[in-house]
>>> print(open('target.tsv').read())   # TSV, C-alpha atoms
chain	number	residue	atom	x	y	z
A	1041	MET	CA	43.61	38.23	293.91
A	1042	ASN	CA	45.51	35.02	294.65
A	1043	SER	CA	44.18	31.48	294.18
A	1044	LEU	CA	42.99	31.17	297.81
A	1045	GLU	CA	41.03	34.42	297.60
A	1046	LEU	CA	39.52	33.34	294.29
A	1047	LEU	CA	38.49	30.01	295.81
A	1048	LYS	CA	36.73	31.81	298.66
A	1049	VAL	CA	34.78	33.92	296.13
A	1050	LEU	CA	33.75	30.80	294.21
A	1051	ILE	CA	32.66	29.02	297.39
A	1052	ASP	CA	30.60	32.04	298.41
A	1053	LYS	CA	28.92	32.09	295.01
A	1054	LEU	CA	28.35	28.33	295.21
A	1055	GLU	CA	26.57	28.75	298.55
A	1056	ARG	CA	24.34	31.48	297.10
A	1057	TYR	CA	23.58	29.32	294.07
A	1058	GLU	CA	22.73	26.31	296.26
A	1059	ASN	CA	20.44	28.39	298.47
A	1060	SER	CA	18.55	29.62	295.40
A	1061	ILE	CA	17.72	26.07	294.21
A	1062	PRO	CA	14.74	24.38	295.93
A	1063	ASP	CA	15.85	20.88	294.91
A	1064	LYS	CA	19.35	20.45	296.34
A	1065	THR	CA	19.80	17.16	294.46
A	1066	ASN	CA	19.39	18.92	291.10
A	1067	LEU	CA	22.47	21.13	291.10
A	1068	SER	CA	24.53	21.44	287.92
A	1069	LEU	CA	27.79	23.05	286.88
A	1070	GLU	CA	26.10	24.81	283.93
A	1071	ALA	CA	23.43	26.38	286.14
A	1072	TYR	CA	26.12	27.38	288.66
A	1073	ILE	CA	28.08	29.20	285.94
A	1074	GLN	CA	24.90	30.84	284.65
A	1075	SER	CA	24.21	32.10	288.18
A	1076	PHE	CA	27.31	34.32	287.83
A	1077	GLN	CA	25.77	36.01	284.82
A	1078	SER	CA	22.42	36.55	286.55
A	1079	GLU	CA	24.17	38.96	288.92
A	1080	LEU	CA	24.97	41.26	285.98
A	1081	THR	CA	22.63	43.80	284.43
A	1082	PRO	CA	22.19	44.51	280.68
A	1083	ASP	CA	24.31	47.63	281.10
A	1084	ASP	CA	27.23	45.42	282.21
A	1085	TYR	CA	27.21	43.84	278.73
A	1086	LYS	CA	26.99	47.08	276.76
A	1087	ASN	CA	29.72	48.14	274.37
A	1088	SER	CA	32.27	50.06	276.44
A	1089	LEU	CA	32.53	52.80	273.80
A	1090	VAL	CA	28.86	53.71	274.02
A	1091	GLY	CA	29.22	55.27	277.45
A	1092	ASP	CA	26.56	56.21	279.97
A	1093	TYR	CA	23.73	58.50	278.98
A	1094	GLN	CA	22.10	60.53	281.70
A	1095	ILE	CA	18.43	60.80	280.79
A	1096	PRO	CA	17.03	64.33	281.28
A	1097	GLU	CA	14.21	64.49	283.79
A	1098	ARG	CA	11.68	65.55	281.15
A	1099	GLU	CA	12.44	62.43	279.07
A	1100	ARG	CA	12.38	59.79	281.79
A	1101	SER	CA	8.69	59.00	281.47
A	1102	LEU	CA	9.24	58.18	277.78
A	1103	HIS	CA	12.39	56.13	278.28
A	1104	ILE	CA	12.35	52.32	278.15
A	1105	GLU	CA	15.01	50.65	280.26
A	1106	ASN	CA	17.76	48.80	278.45
A	1107	ASN	CA	17.32	45.03	278.05
A	1108	ILE	CA	19.62	42.16	277.20
A	1109	GLU	CA	17.99	41.64	273.78
A	1110	ARG	CA	18.84	45.18	272.68
A	1111	VAL	CA	22.41	44.74	273.94
A	1112	ILE	CA	22.81	41.50	271.95
A	1113	THR	CA	21.39	43.18	268.83
A	1114	GLN	CA	23.83	46.06	269.17
A	1115	HIS	CA	26.79	43.70	269.49
A	1116	LEU	CA	25.67	41.67	266.46
A	1117	LEU	CA	25.46	44.90	264.46
A	1118	PHE	CA	28.95	45.97	265.55
A	1119	LEU	CA	30.36	42.48	264.87
A	1120	ASN	CA	29.04	42.66	261.31
A	1121	ARG	CA	30.84	45.98	260.85
A	1122	TYR	CA	34.08	44.64	262.33
A	1123	ILE	CA	34.02	41.68	259.94
A	1124	LYS	CA	33.41	43.96	256.96
A	1125	PHE	CA	36.37	46.08	258.10
A	1126	TYR	CA	38.70	43.04	258.16
A	1127	SER	CA	37.31	41.72	254.87
A	1128	LYS	CA	38.64	44.75	252.99
A	1129	THR	CA	42.16	43.57	253.77
A	1130	ALA	CA	41.34	39.88	253.16
A	1131	LEU	CA	39.99	40.65	249.67
A	1132	SER	CA	42.34	43.51	248.76
A	1133	ASP	CA	44.26	41.46	246.15
A	1134	SER	CA	41.26	39.60	244.77
A	1135	LYS	CA	38.74	40.29	242.03
A	1136	ILE	CA	36.17	39.36	244.67
A	1137	LYS	CA	35.55	42.72	246.29
A	1138	THR	CA	32.96	42.11	249.02
A	1139	LEU	CA	31.81	39.45	251.46
A	1140	GLU	CA	28.51	39.43	249.59
A	1141	GLU	CA	30.24	38.47	246.35
A	1142	PHE	CA	32.21	35.76	248.17
A	1143	SER	CA	28.98	34.40	249.68
A	1144	PHE	CA	27.24	34.30	246.29
A	1145	LEU	CA	30.17	32.47	244.71
A	1146	ILE	CA	30.29	29.93	247.56
A	1147	THR	CA	26.56	29.30	247.17
A	1148	VAL	CA	26.93	28.61	243.45
A	1149	MET	CA	29.94	26.34	244.05
A	1150	GLN	CA	27.95	24.26	246.55
A	1151	GLN	CA	24.93	23.96	244.24
A	1152	GLN	CA	26.84	23.69	240.92
A	1153	ARG	CA	23.91	25.18	238.99
A	1154	ILE	CA	21.26	27.31	240.62
A	1155	SER	CA	18.63	29.88	239.64
A	1156	LYS	CA	19.12	33.56	240.36
A	1157	THR	CA	16.09	33.51	242.63
A	1158	ASP	CA	17.53	30.70	244.76
A	1159	ILE	CA	20.95	32.38	245.08
A	1160	ILE	CA	19.33	35.58	246.30
A	1161	LYS	CA	16.99	33.75	248.68
A	1162	ARG	CA	19.79	31.65	250.21
A	1163	ASN	CA	21.88	34.78	250.81
A	1164	ILE	CA	19.03	36.75	252.42
A	1165	PHE	CA	19.04	39.59	249.89
A	1166	GLU	CA	16.44	41.83	248.35
A	1167	LYS	CA	15.88	40.88	244.71
A	1168	SER	CA	17.21	44.11	243.17
A	1169	SER	CA	20.40	44.10	245.26
A	1170	GLY	CA	20.97	40.40	244.59
A	1171	ILE	CA	20.58	40.82	240.84
A	1172	GLU	CA	23.18	43.62	240.91
A	1173	ILE	CA	25.71	41.32	242.59
A	1174	ILE	CA	25.01	38.47	240.16
A	1175	ASN	CA	25.34	40.76	237.13
A	1176	ARG	CA	28.61	42.16	238.52
A	1177	LEU	CA	30.03	38.65	238.92
A	1178	ILE	CA	28.87	37.66	235.42
A	1179	LYS	CA	30.50	40.79	233.98
A	1180	ALA	CA	33.72	39.88	235.82
A	1181	ASN	CA	33.52	36.40	234.23
A	1182	MET	CA	33.34	34.68	237.62
A	1183	LEU	CA	29.78	33.46	237.01
A	1184	GLY	CA	28.17	32.19	233.81
A	1185	GLN	CA	24.56	31.49	232.89
A	1186	VAL	CA	22.74	28.95	230.73
A	1187	ASP	CA	19.10	28.37	229.88
A	1188	ASN	CA	17.16	26.40	232.45
A	1189	PRO	CA	16.01	23.15	230.74
A	1190	GLU	CA	13.03	22.96	233.12
A	1191	ASP	CA	11.94	26.55	232.63
A	1192	GLN	CA	12.76	28.37	229.41
A	1193	ARG	CA	11.89	31.70	231.02
A	1194	SER	CA	14.76	31.50	233.50
A	1195	GLN	CA	18.49	30.80	233.51
A	1196	LEU	CA	20.80	28.81	235.73
A	1197	ILE	CA	23.99	30.28	237.16
A	1198	PHE	CA	27.26	28.35	237.33
A	1199	LEU	CA	30.80	29.03	238.56
A	1200	THR	CA	33.32	29.63	235.77
A	1201	ASP	CA	36.94	28.49	235.88
A	1202	ALA	CA	37.92	32.10	236.57
A	1203	GLY	CA	35.42	32.19	239.43
A	1204	LYS	CA	36.82	28.98	240.90
A	1205	PHE	CA	40.35	30.38	240.69
A	1206	GLU	CA	39.40	33.58	242.52
A	1207	LEU	CA	37.38	31.68	245.11
A	1208	PHE	CA	40.10	29.14	245.86
A	1209	SER	CA	42.69	31.94	246.04
A	1210	VAL	CA	40.96	33.61	248.99
A	1211	PHE	CA	39.99	30.54	251.03
A	1212	GLU	CA	43.04	30.75	253.29
A	1213	LYS	CA	42.52	34.46	253.97
A	1214	MET	CA	38.84	33.89	254.69
A	1215	ASN	CA	39.80	31.19	257.20
A	1216	THR	CA	42.10	33.75	258.82
A	1217	LEU	CA	39.25	36.25	258.79
A	1218	GLY	CA	37.10	33.73	260.65
A	1219	LYS	CA	39.79	33.28	263.31
A	1220	ILE	CA	40.04	37.05	263.74
A	1221	ALA	CA	36.25	37.43	263.91
A	1222	THR	CA	35.98	34.89	266.74
A	1223	GLY	CA	38.69	36.70	268.67
A	1224	GLU	CA	39.86	35.15	271.92
A	1225	LEU	CA	36.98	32.71	272.31
A	1226	THR	CA	38.01	29.23	273.42
A	1227	SER	CA	37.24	26.17	271.29
A	1228	GLY	CA	34.33	25.35	273.58
A	1229	GLU	CA	32.96	28.89	273.37
A	1230	LYS	CA	33.19	28.82	269.57
A	1231	ILE	CA	31.21	25.56	269.42
A	1232	HIS	CA	28.63	26.95	271.84
A	1233	LEU	CA	28.34	30.20	269.87
A	1234	ALA	CA	28.01	28.32	266.56
A	1235	GLY	CA	25.09	26.36	268.00
A	1236	ILE	CA	23.38	29.51	269.23
A	1237	LEU	CA	23.86	31.29	265.89
A	1238	LYS	CA	22.52	28.28	263.97
A	1239	LYS	CA	19.41	28.31	266.18
A	1240	LEU	CA	18.93	32.03	265.55
A	1241	ASP	CA	19.45	31.55	261.82
A	1242	ALA	CA	16.73	28.88	261.66
A	1243	PHE	CA	14.29	31.14	263.53
A	1244	HIS	CA	14.97	34.19	261.37
A	1245	TYR	CA	14.98	32.28	258.07
A	1246	ASP	CA	11.50	30.96	258.85
A	1247	ASN	CA	10.38	34.53	259.55
A	1248	TYR	CA	12.10	35.86	256.44
A	1249	THR	CA	10.43	33.36	254.12
A	1250	ASN	CA	6.99	33.54	255.74
A	1251	LYS	CA	5.10	35.94	253.48
A	1252	GLU	CA	2.01	35.95	255.72
A	1253	LEU	CA	3.71	37.97	258.44
A	1254	ARG	CA	3.11	41.71	258.27
A	1255	LEU	CA	3.43	43.45	261.64
A	1256	LEU	CA	6.70	43.58	263.59
A	1257	GLU	CA	5.01	41.76	266.47
A	1258	ASP	CA	4.15	38.88	264.10
A	1259	TYR	CA	7.84	37.98	264.00
A	1260	LEU	CA	8.17	37.47	267.77
A	1261	PRO	CA	8.92	33.96	269.08
A	1262	ASP	CA	5.75	32.05	269.99
A	1263	GLU	CA	6.29	32.33	273.74
A	1264	GLN	CA	6.43	36.14	273.44
A	1265	ASN	CA	3.32	36.58	271.27
>>> encode(input="target.tsv", output="structure tokens")
Amino acid sequence: MNSLELLKVLIDKLERYENSIPDKTNLSLEAYIQSFQSELTPDDYKNSLVGDYQIPERERSLHIENNIERVITQHLLFLNRYIKFYSKTALSDSKIKTLEEFSFLITVMQQQRISKTDIIKRNIFEKSSGIEIINRLIKANMLGQVDNPEDQRSQLIFLTDAGKFELFSVFEKMNTLGKIATGELTSGEKIHLAGILKKLDAFHYDNYTNKELRLLEDYLPDEQN
């Protein structure tokens, strides 16, 4: 397709977009671009490796059609696995062995001294798993602990000099990991994605820390309840 042919396609799409808007004085470039995406189905966004599954006749009454939310969830799951794959190389020469350990160390560095409960909560971990990570980092001499002056029953965690050394040693590789993880996104797309992810994080953190919620449906956004 040459530039003239592409321009004709864009003009055709612009006409369709304009015809779909009742108020012709309220057109916008963002809505025009979004109108391209509305022509696609959830299956168009699916991971290409998943393939097409032909549902047997006997199962069709039980099948729920794919939706964009499930597609997004699948991609987020895969992205997490891709990042963990790359992190093995990024941390191969470090005493920090996992992204979880790196995240715990970063949290302590930012807070200087922090309780075990707060580290675990800020990193979205179950208590038992979080304690295992903290104990592993203490054993490796990357974290230390002192009595909490405000609560003698608990201790505060701090970053040791050895922990700082290991953390600072992997910063450059973790920056590279971030560039790999965001792939071929443009600067504008990265900023847009960061905003979307921050919005999702705020929503899920509220759900995660709300102990009154019990049923899966309780976690739905308000407009979907």
>>> residues_near_point(input="target.tsv", point="(42.3, 42.5, 253.2)", cutoff="12 Å", atoms="all atoms listed in the file", output="PyMOL selection string")
chain A and resi 1123-1139+1210+1212-1214+1216-1217
>>> atom_distance(input="target.tsv", atom1="atom CA of Leu1183 of chain A", atom2="atom CA of Ser1143 of chain A")
12.7 Å
>>> atom_distance(input="target.tsv", atom1="atom CA of Thr1200 of chain A", atom2="atom CA of Ile1173 of chain A")
15.5 Å
>>> residues_around(input="target.tsv", residues="segment 1145-1154 of chain A", least_positions_apart="5", cutoff="6 Å", atoms="only C-alpha atoms", output="list in words")
Leu1196, Ile1197 and Phe1198 of chain A
>>> atom_distance(input="target.tsv", atom1="atom CA of Met1182 of chain A", atom2="atom CA of Leu1207 of chain A")
9.0 Å
>>> build_atoms(input="target.tsv", residues="segment 1157-1187 of chain A", atoms="N, CA and C atoms", output="tab-separated table (two decimals), in the coordinates of the input")
chain	number	residue	atom	x	y	z
A	1157	THR	N	17.00	33.35	241.50
A	1157	THR	CA	16.09	33.51	242.63
A	1157	THR	C	16.57	32.74	243.85
A	1158	ASP	N	17.06	31.52	243.63
A	1158	ASP	CA	17.53	30.70	244.76
A	1158	ASP	C	18.82	31.26	245.37
A	1159	ILE	N	19.73	31.78	244.53
A	1159	ILE	CA	20.95	32.38	245.08
A	1159	ILE	C	20.59	33.53	246.01
A	1160	ILE	N	19.71	34.39	245.53
A	1160	ILE	CA	19.33	35.58	246.30
A	1160	ILE	C	18.62	35.18	247.59
A	1161	LYS	N	17.73	34.20	247.50
A	1161	LYS	CA	16.99	33.75	248.68
A	1161	LYS	C	17.92	33.14	249.72
A	1162	ARG	N	18.87	32.31	249.28
A	1162	ARG	CA	19.79	31.65	250.21
A	1162	ARG	C	20.74	32.64	250.89
A	1163	ASN	N	20.97	33.78	250.24
A	1163	ASN	CA	21.88	34.78	250.81
A	1163	ASN	C	21.15	35.92	251.51
A	1164	ILE	N	19.85	35.79	251.68
A	1164	ILE	CA	19.03	36.75	252.42
A	1164	ILE	C	19.20	38.16	251.85
A	1165	PHE	N	18.91	38.30	250.56
A	1165	PHE	CA	19.04	39.59	249.89
A	1165	PHE	C	17.71	40.00	249.28
A	1166	GLU	N	17.54	41.32	249.16
A	1166	GLU	CA	16.44	41.83	248.35
A	1166	GLU	C	16.74	41.52	246.89
A	1167	LYS	N	15.69	41.33	246.09
A	1167	LYS	CA	15.88	40.88	244.71
A	1167	LYS	C	16.75	41.84	243.90
A	1168	SER	N	16.47	43.13	243.99
A	1168	SER	CA	17.21	44.11	243.17
A	1168	SER	C	18.69	44.13	243.52
A	1169	SER	N	19.00	44.09	244.82
A	1169	SER	CA	20.40	44.10	245.26
A	1169	SER	C	21.10	42.81	244.85
A	1170	GLY	N	20.39	41.68	244.96
A	1170	GLY	CA	20.97	40.40	244.59
A	1170	GLY	C	21.27	40.31	243.10
A	1171	ILE	N	20.36	40.82	242.29
A	1171	ILE	CA	20.58	40.82	240.84
A	1171	ILE	C	21.80	41.66	240.49
A	1172	GLU	N	22.00	42.77	241.16
A	1172	GLU	CA	23.18	43.62	240.91
A	1172	GLU	C	24.47	42.85	241.17
A	1173	ILE	N	24.51	42.10	242.26
A	1173	ILE	CA	25.71	41.32	242.59
A	1173	ILE	C	25.94	40.24	241.54
A	1174	ILE	N	24.88	39.54	241.17
A	1174	ILE	CA	25.01	38.47	240.16
A	1174	ILE	C	25.51	39.04	238.84
A	1175	ASN	N	24.93	40.14	238.41
A	1175	ASN	CA	25.34	40.76	237.13
A	1175	ASN	C	26.80	41.22	237.19
A	1176	ARG	N	27.22	41.72	238.35
A	1176	ARG	CA	28.61	42.16	238.52
A	1176	ARG	C	29.56	40.98	238.39
A	1177	LEU	N	29.19	39.85	238.97
A	1177	LEU	CA	30.03	38.65	238.92
A	1177	LEU	C	30.04	38.03	237.52
A	1178	ILE	N	28.92	38.13	236.81
A	1178	ILE	CA	28.87	37.66	235.42
A	1178	ILE	C	29.77	38.54	234.55
A	1179	LYS	N	29.68	39.85	234.76
A	1179	LYS	CA	30.50	40.79	233.98
A	1179	LYS	C	31.99	40.56	234.23
A	1180	ALA	N	32.33	40.15	235.46
A	1180	ALA	CA	33.72	39.88	235.82
A	1180	ALA	C	34.15	38.47	235.39
A	1181	ASN	N	33.25	37.74	234.74
A	1181	ASN	CA	33.52	36.40	234.23
A	1181	ASN	C	33.75	35.38	235.35
A	1182	MET	N	33.23	35.65	236.54
A	1182	MET	CA	33.34	34.68	237.62
A	1182	MET	C	32.10	33.79	237.69
A	1183	LEU	N	31.00	34.26	237.13
A	1183	LEU	CA	29.78	33.46	237.01
A	1183	LEU	C	29.37	33.42	235.54
A	1184	GLY	N	28.75	32.31	235.14
A	1184	GLY	CA	28.17	32.19	233.81
A	1184	GLY	C	26.71	31.82	233.94
A	1185	GLN	N	25.97	31.85	232.85
A	1185	GLN	CA	24.56	31.49	232.89
A	1185	GLN	C	24.16	30.72	231.64
A	1186	VAL	N	23.27	29.76	231.84
A	1186	VAL	CA	22.74	28.95	230.73
A	1186	VAL	C	21.23	28.87	230.90
A	1187	ASP	N	20.55	28.53	229.81
A	1187	ASP	CA	19.10	28.37	229.88
A	1187	ASP	C	18.73	27.23	230.81
